[in-house]
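Novice: Structure provided below as C-alpha cells; questions to follow.
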Amino acid sequence: MIKIFYLIGKSATNIVARPLSAITSFLSLLLLLLMFDMVWISSLSAERYYERIAADIDMEIFLDDTLADSTVSGVLGTIVEMDGVADARYISKEKARDKLYSLMGADLLDGLEDNPLPRSVIITFENDYRSSANLATLKENLNRIDGVSEIYYPEEWLEKIEMTRGLIFKIVVFLGIVISLAVVLNLLHSIRLSARSRGQEILQHRLLGAGKFFISIPYILEG
C-alpha cells in the first residue's frame with residue numbers, strides 16, 4: 001500500500017514539476033481518442049442508415065396470365081413457406097389498377113376493354129435475411145414455381161449498398177488500427193522523453209534496488 005501511495009505521489013509531483021509536458025501529452029492523447037470516437041460514431045451511423053434503407057426492400061413477383069385464379073392461393077402458400085419470407089401480399093389486377101390510379105392521379109386504363117396489368121405478389125423479408133446473396137437464392141427458388149413469370153427487386157442497388165457498407169467497415173478498421181498505434185506510440189514517446197530527462201534519478205533508483213516495473217509506473221501515469 002505504501003508503494004502505491006508513493007507511486008501516485010511521485011507521478012503527481014512529476015506532473016506539477018513539468019505541467020507543460022503533461023498537458024501536451026494529455027491533449028495529444030485526448031485528440032487521438034476523440035478521432036477514434038468520431039470514426040466509431042460514423043461507422044455506427046452508416047450501419048444504422050444501411051439497416052433503415054434495407055428494411056424498405058421488398059420483392060415483387062409477377063404471375064403469368066395463364067395461371068388460373070383458383071391456383072393463386074396455392075402459389076401464395078408456397079411462397080410464404082419459403083425461408084426468409086416474413087409476409088406475402090397478393091395484388092390482383094383490380095388492386096394494381098387502383099394502385100396505378102393513386103400513383104398517377106388519373107385512370108390511364110380508361111377506355112380499354114381488358115386490364116393489361118399483371119397480377120403480382122409482394123413479399124417482405126425477415127430482418128436477418130436482407131442480403132444480396134440470400135435474395136438471389138430466394139429469387140432462384142421462386143423461379144421454379146409454376147405460374148411465376150417475372151421477379152423484380154433492386155438487385156444491383158442492393159449489391160452496391162453492400163459493397164459500400166463493406167468498404168466503410170474496412171476503412172473504420174484501418175483507421176481504428178492506425179489511431180490505436182498512434183496512441184501507443186504517443187505514450188511511448190512521452191515516456192521515453194520523460195525518462196531521458198530524468199536519467200540520473202532513474203539510475204539512483206536502480207542503485208537503491210528498485211525494479212524496472214516500480215521505476216516505470218510514475219512515467220506511465222504521467223505519460
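Within each chain, counting starts at residue 1; across the C-alpha cells, chains are named A, B, ... in the order shown, with ligands numbered 1 upward in that order.
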Where in region 22-194 of chain A does DSSP assign strand (DSSP E), given as an MDAnalysis selection string?
Specialist: chainID A and resid 59:63 85:91 120:125 148:152
Novice: Residues within 12 Å of Asp110 (chain A), please, as a PyMOL selection string. Count only C-alpha atoms; anything in the same chain fewer than 6 positions from it doesn't count.
Specialist: chain A and resi 97-98+100-101+116
Novice: When you count only C-alpha atoms, which of these residues is closest to Arg52 (chain A): A:Met38, A:Leu76, A:Thr66, A:Arg130?
Specialist: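 Among A:Met38, A:Leu76, A:Thr66, A:Arg130, it is A:Arg130 that comes nearest to Arg52 (chain A).
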Novice: With DSSP run on the backbone, what are the helix (DSSP H, G or I) residues within region 37-134 of chain A? I'd like them as number ranges by chain.
Specialist: A: 37-54, 69-80, 93-104, 127-129, 132-134
Novice: How about saving the chosen residues, N, CA and C atoms kept, as a short mmCIF file (atom, residue, chain, number, x, y, z; two decimals), in the first residue's frame?
Specialist:
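What landed in result.cif:
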data_model
loop_
_atom_site.label_atom_id
_atom_site.label_comp_id
_atom_site.auth_asym_id
_atom_site.auth_seq_id
_atom_site.Cartn_x
_atom_site.Cartn_y
_atom_site.Cartn_z
N ASP A 37 -13.33 8.11 -31.49
CA ASP A 37 -14.77 8.18 -31.24
C ASP A 37 -15.52 8.64 -32.48
N MET A 38 -14.97 9.61 -33.19
CA MET A 38 -15.62 10.11 -34.40
C MET A 38 -15.72 9.02 -35.46
N VAL A 39 -14.64 8.25 -35.61
CA VAL A 39 -14.65 7.15 -36.57
C VAL A 39 -15.68 6.10 -36.17
N TRP A 40 -15.74 5.79 -34.88
CA TRP A 40 -16.67 4.78 -34.39
C TRP A 40 -18.12 5.24 -34.56
N ILE A 41 -18.39 6.50 -34.23
CA ILE A 41 -19.75 7.03 -34.38
C ILE A 41 -20.16 7.06 -35.85
N SER A 42 -19.23 7.42 -36.72
CA SER A 42 -19.52 7.42 -38.16
C SER A 42 -19.86 6.02 -38.64
N SER A 43 -19.14 5.03 -38.13
CA SER A 43 -19.41 3.65 -38.50
C SER A 43 -20.81 3.21 -38.05
N LEU A 44 -21.17 3.56 -36.82
CA LEU A 44 -22.50 3.20 -36.31
C LEU A 44 -23.60 3.90 -37.09
N SER A 45 -23.37 5.16 -37.45
CA SER A 45 -24.36 5.90 -38.23
C SER A 45 -24.56 5.28 -39.60
N ALA A 46 -23.46 4.88 -40.24
CA ALA A 46 -23.55 4.23 -41.55
C ALA A 46 -24.29 2.90 -41.45
N GLU A 47 -24.04 2.15 -40.39
CA GLU A 47 -24.70 0.86 -40.21
C GLU A 47 -26.20 1.03 -39.98
N ARG A 48 -26.57 2.02 -39.19
CA ARG A 48 -27.99 2.28 -38.95
C ARG A 48 -28.69 2.76 -40.22
N TYR A 49 -27.98 3.56 -41.01
CA TYR A 49 -28.56 4.02 -42.27
C TYR A 49 -28.79 2.84 -43.21
N TYR A 50 -27.83 1.91 -43.25
CA TYR A 50 -27.99 0.72 -44.09
C TYR A 50 -29.18 -0.11 -43.63
N GLU A 51 -29.30 -0.31 -42.33
CA GLU A 51 -30.42 -1.11 -41.81
C GLU A 51 -31.76 -0.45 -42.11
N ARG A 52 -31.79 0.89 -42.06
CA ARG A 52 -33.04 1.60 -42.32
C ARG A 52 -33.48 1.46 -43.77
N ILE A 53 -32.55 1.61 -44.70
CA ILE A 53 -32.93 1.51 -46.11
C ILE A 53 -33.14 0.05 -46.52
N ALA A 54 -32.43 -0.87 -45.87
CA ALA A 54 -32.63 -2.29 -46.19
C ALA A 54 -34.00 -2.77 -45.73
N ASP A 69 -57.02 -18.32 -61.44
CA ASP A 69 -57.22 -17.64 -60.16
C ASP A 69 -57.36 -18.63 -59.01
N SER A 70 -57.87 -19.81 -59.31
CA SER A 70 -58.09 -20.81 -58.26
C SER A 70 -56.78 -21.38 -57.71
N THR A 71 -55.70 -21.24 -58.47
CA THR A 71 -54.41 -21.78 -58.03
C THR A 71 -53.51 -20.72 -57.40
N VAL A 72 -53.98 -19.48 -57.40
CA VAL A 72 -53.16 -18.40 -56.84
C VAL A 72 -52.90 -18.61 -55.35
N SER A 73 -53.92 -19.06 -54.63
CA SER A 73 -53.76 -19.27 -53.19
C SER A 73 -52.70 -20.33 -52.90
N GLY A 74 -52.61 -21.35 -53.75
CA GLY A 74 -51.59 -22.38 -53.58
C GLY A 74 -50.19 -21.82 -53.80
N VAL A 75 -50.06 -20.98 -54.83
CA VAL A 75 -48.76 -20.34 -55.09
C VAL A 75 -48.38 -19.43 -53.93
N LEU A 76 -49.37 -18.70 -53.43
CA LEU A 76 -49.13 -17.79 -52.31
C LEU A 76 -48.67 -18.56 -51.07
N GLY A 77 -49.29 -19.71 -50.82
CA GLY A 77 -48.89 -20.53 -49.68
C GLY A 77 -47.48 -21.07 -49.82
N THR A 78 -47.11 -21.45 -51.04
CA THR A 78 -45.75 -21.94 -51.28
C THR A 78 -44.72 -20.85 -51.02
N ILE A 79 -45.05 -19.64 -51.43
CA ILE A 79 -44.12 -18.51 -51.25
C ILE A 79 -43.94 -18.20 -49.76
N VAL A 80 -45.03 -18.19 -49.02
CA VAL A 80 -44.97 -17.84 -47.60
C VAL A 80 -44.12 -18.84 -46.82
N LYS A 93 -55.46 -7.79 -60.37
CA LYS A 93 -55.47 -6.82 -61.46
C LYS A 93 -56.20 -5.54 -61.04
N GLU A 94 -57.29 -5.71 -60.30
CA GLU A 94 -58.06 -4.54 -59.87
C GLU A 94 -57.26 -3.70 -58.87
N LYS A 95 -56.59 -4.37 -57.93
CA LYS A 95 -55.77 -3.63 -56.97
C LYS A 95 -54.60 -2.94 -57.66
N ALA A 96 -54.03 -3.59 -58.66
CA ALA A 96 -52.94 -2.98 -59.41
C ALA A 96 -53.42 -1.73 -60.14
N ARG A 97 -54.64 -1.79 -60.65
CA ARG A 97 -55.21 -0.63 -61.34
C ARG A 97 -55.46 0.51 -60.35
N ASP A 98 -55.99 0.18 -59.18
CA ASP A 98 -56.22 1.21 -58.16
C ASP A 98 -54.89 1.83 -57.70
N LYS A 99 -53.88 1.00 -57.59
CA LYS A 99 -52.56 1.49 -57.19
C LYS A 99 -51.99 2.44 -58.24
N LEU A 100 -52.17 2.10 -59.51
CA LEU A 100 -51.71 2.96 -60.59
C LEU A 100 -52.47 4.28 -60.59
N TYR A 101 -53.75 4.20 -60.31
CA TYR A 101 -54.58 5.42 -60.27
C TYR A 101 -54.13 6.36 -59.15
N SER A 102 -53.88 5.78 -57.96
CA SER A 102 -53.44 6.61 -56.83
C SER A 102 -52.05 7.19 -57.07
N LEU A 103 -51.25 6.49 -57.84
CA LEU A 103 -49.89 6.96 -58.12
C LEU A 103 -49.88 8.06 -59.17
N MET A 104 -50.69 7.90 -60.22
CA MET A 104 -50.68 8.85 -61.34
C MET A 104 -51.74 9.94 -61.19
N ASN A 127 -35.76 -9.76 -40.87
CA ASN A 127 -34.71 -8.74 -40.71
C ASN A 127 -33.32 -9.26 -41.03
N ASP A 128 -33.02 -10.49 -40.66
CA ASP A 128 -31.67 -11.02 -40.87
C ASP A 128 -31.50 -11.70 -42.22
N TYR A 129 -32.48 -11.52 -43.11
CA TYR A 129 -32.43 -12.20 -44.41
C TYR A 129 -32.15 -11.24 -45.56
N SER A 132 -27.89 -9.52 -50.45
CA SER A 132 -27.94 -9.83 -51.88
C SER A 132 -27.83 -11.33 -52.14
N ALA A 133 -27.01 -12.02 -51.35
CA ALA A 133 -26.83 -13.46 -51.54
C ALA A 133 -28.12 -14.21 -51.21
N ASN A 134 -28.75 -13.86 -50.08
CA ASN A 134 -29.99 -14.53 -49.69
C ASN A 134 -31.12 -14.27 -50.68
#
Novice: Excluding same-chain residues fewer than 5 positions from Phe125 (chain A), what lies within 8 Å of it counting only C-alpha atoms, as a VMD selection string?
Specialist: chain A and resid 58 84 to 87 130
Novice: Quick one, how far is CA of Ile171 (chain A) from CA of Ala136 (chain A)?
Specialist: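 Separation of CA of Ile171 (chain A) and CA of Ala136 (chain A): 27.2 Å.
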Novice: Give me, as a VMD selection string, all polymer residues having an atom no more than 6 Å from region 141-157 of chain A, counting only C-alpha atoms and skipping those fewer than 6 positions away in the same chain.
Specialist: chain A and resid 59 to 64 67
